[in-house]
Amino acid sequence: MHDAQPGAAVPASTLPRLLARIAGAAPMPPVQAPAARLGEWLDWPRAVALSRALDGPAAADDDTGPDADADADDCTRVREDLAQAIAADRGWPAVDADSDAAAAAVLRHCQSLQRAMQAATGRLRGQLRDRLARQTPRQARLAAVDAVLEAVLSPREHALLAPVPALLAAHCGRLQRGTGGDGHGWYRPFREDARQVLLAEFDLRFQPVDALLAALRPSPVDA
């Protein structure tokens, strides 16, 4: 495996930086600001939907669901469960597996973890958005905007993150072939790399959940 150029910063978030390192990729060029890219991704119907959400009517404050502490507890439990699933030994290839079997096991296990992340964060995001929609007008407007943004960005997120399992499977194969006869020397560094990548992906997927949870907490403006 060829590492990225020493000392060369990759101007990206943690996940792209880790993936560039394990793939031996060159540093990424500067990218457009998110706001500029969003303008390219919004088609006419979704731009209208976003405009309506931003100018939406006030919502009635009739929330009878769980309080913000209960929502926070649910999010914490999901975080812990998924972090434990990523760290657990179950599902990963055996140390003495041949390279093809190991790569296939990595691919299957990482795809399974991705599905679990997507399902859990999607459920939490919808749940928190429903709660926000029953709060103050500002919070209800944020919930409506988030619904539009999820519809716009989720397909792109899926397309960008779908190759991660294959990249980790290829990384597993490279490390295993490079051990020079040491049948176990590849396993520990691979598992640490995979753990870091999957946790970074999970943190990325959880960002909208964290933002919605923060919006549910009382603020002086909403008081």
# chains A, B, ... in the order shown; residues from 1 in each chain; ligands from 1
>>> residues_around(residues="region 212-215 of chain A", least_positions_apart="4", cutoff="10 Å", atoms="only C-alpha atoms", output="list in words")
Ala68, Asp69, Asp71, Ala72, Cys75, Leu124, Arg125, Gly126, Gln127, Leu128, Arg129, Arg131, Leu132, Arg138, Gln139, Leu142, Ala143, Asp146, Gln207, Pro208 and Ser219 of chain A
>>> atom_distance(atom1="CA of His184 (chain A)", atom2="CA of Ala105 (chain A)")
16.3 Å
>>> residues_around(residues="Arg79 (chain A)", least_positions_apart="5", cutoff="9 Å", atoms="only C-alpha atoms", output="ChimeraX atom specification")
/A:74,84,202,206
>>> write_last_selection(atoms="N, CA and C atoms", output="compact mmCIF listing (two decimals), in the first residue's frame")
# COMPACT_ATOMS: atom_id res chain seq x y z
N ASP A 74 -32.31 8.40 23.88
CA ASP A 74 -32.48 7.49 22.75
C ASP A 74 -31.31 7.62 21.78
N GLN A 84 -20.60 -0.18 19.54
CA GLN A 84 -20.27 -1.54 19.99
C GLN A 84 -20.30 -2.53 18.83
N PHE A 202 -20.10 6.90 10.68
CA PHE A 202 -21.22 7.02 11.60
C PHE A 202 -21.36 8.45 12.11
N PHE A 206 -24.52 10.94 11.57
CA PHE A 206 -25.23 11.38 12.77
C PHE A 206 -25.31 12.91 12.87
